[in-house]
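To keep things clear, I will list the structure first and then write my remarks on it.
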Amino acid sequence: MNNKNYGKLSVGGQAVIEGVMMRSPNRISVAVRNPENEIEIVGWKFEAISKRFKILGLPIVRGIVNMGEMLYWGVKTLQISAQIASGEHAKQPSVWSKLWSAISLVFGLAIGVALFAYLPLYISGLLNLKNQPFMFNLLAGLIRVVLFLGYLIAISMMKDVKRLFRYHGAEHKTIFAFENGEPLIPERIQKYSTFHPRCGTSFLLIVAFAAIFFFALVDGIFYSVWGFAPKPIIRLPIHLAFMPILAGISYEFLKLSAKLSNDNRFGKIIVAPGLWLQKITTQPPDNDMLEVAVASLMDSIKDISLGHNMKSKNNESVNNDVE
């Protein structure tokens, strides 16, 4: 499977349960191994909102929009992959099943906010640093990074998560091979790295470090205007309200650092922490996993490629949910 005719086509993706989601400029596809060891593919036509409305393609704004879109598609494809991997994709989910999924998502988000957003602010507040914006946010940021690393290390020991991280490695290797014009054959793809500078894991680390300086500025402005520093319980909603802007800034930094990583030593230095983090979140895949990643990639670019012989179950509208 030769991809030298595709040029510098931009692709990205994420690992899902027993599979990989890939995104090209005009299509999103998810490929998953079902219980019969067959590769099932579901795909949607896709056009980023930032491409449809020029104002949403402006720097920083596009990062906010992209974060929202990818959060939506990430959750959606994870749910679909779970159904396919369990052999229940053909079944219609019950109302209670949908309700339980929604409750689980909300509960998970609440736990995440409490652990990674409020707890670091609370601990910093206990040390009487509330009137020192930079030191307050420096300590909160370091606590947040330690908690994040501890969380990743803990879940990486789980059997199912280890497989997910191997599919993450398959996604990265396949994208690297594609970007280098390599024939998309598992044996040829294996030589590529599982570490990619544009990885979403790197993005989360950038957000964590950028938050130290960004929220120090926000808190400093608050202190200058109102003459006092808010308590952690008040700081939390203020920080959450500014998170989209922080994500937009971090997105621009990620794109710049990924570009510079190929050009100079400084670029390689600034992407290094994200690549180190991927030693936890990516693992070497086997050839079967690479086959799934290739199937997903080829389906995502099929409208602009010479085609392929994988059978795809398609939903051609981005506005319709696949259940």
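Ligands are numbered from 1 in the order shown, residues from 1 within each chain, and chains are lettered A, B, ... in the order they appear in the structure tokens.
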Inset, instruction - From the DSSP assignment of the backbone, select every residue of segment 117-197 of chain A that is helix (DSSP H, G or I), and format the answer as a VMD selection string. - result: chain A and resid 117 to 126 133 to 155 159 to 179 186 to 189
Write out, as CSV, each residue of segment 237-283 of chain A that has an atom at most 9 Å from segment 201-208 of chain A, together with the closest pair of atoms and their distance in Å to one decimal, counting only C-alpha atoms, rows going by chain and rising number.
residue,atom,partner,partner_atom,distance
A:Leu246,CA,A:Val207,CA,6.9
A:Ala247,CA,A:Val207,CA,6.4
A:Ile249,CA,A:Val207,CA,8.5
A:Ser250,CA,A:Val207,CA,5.7
A:Tyr251,CA,A:Phe203,CA,7.0
A:Phe253,CA,A:Ile206,CA,8.0
A:Leu254,CA,A:Phe203,CA,6.4
A:Val271,CA,A:Ser202,CA,7.9
A:Pro273,CA,A:Ser202,CA,7.6
A:Gly274,CA,A:Ser202,CA,4.2
A:Leu275,CA,A:Ser202,CA,7.0
A:Leu277,CA,A:Ser202,CA,7.2
A:Gln278,CA,A:Thr201,CA,7.0
A:Thr281,CA,A:Thr201,CA,7.6
note - atom CA of Leu119 of chain A and atom CA of Leu139 of chain A are separated by 11.4 Å
Please produce, as a Markdown table, a per-residue contact table for segment 104-216 of chain A versus segment 236-244 of chain A (criterion: any atom at most 8 Å away, only C-alpha atoms considered), showing the nearest atom pair and its distance in Å to one decimal, sorted by chain then residue number.
| residue | atom | partner | partner_atom | distance |
| --- | --- | --- | --- | --- |
| A:Ala117 | CA | A:Leu236 | CA | 7.0 |
| A:Tyr118 | CA | A:Leu236 | CA | 6.2 |
| A:Leu121 | CA | A:Leu236 | CA | 7.6 |
| A:Phe215 | CA | A:His239 | CA | 7.0 |
Any idea what's packed within 7 Å of segment 157-168 of chain A, counting only C-alpha atoms, ignoring anything in its chain fewer than 5 positions away? Could you give it as number ranges by chain?
A: 14-20, 281-285, 289
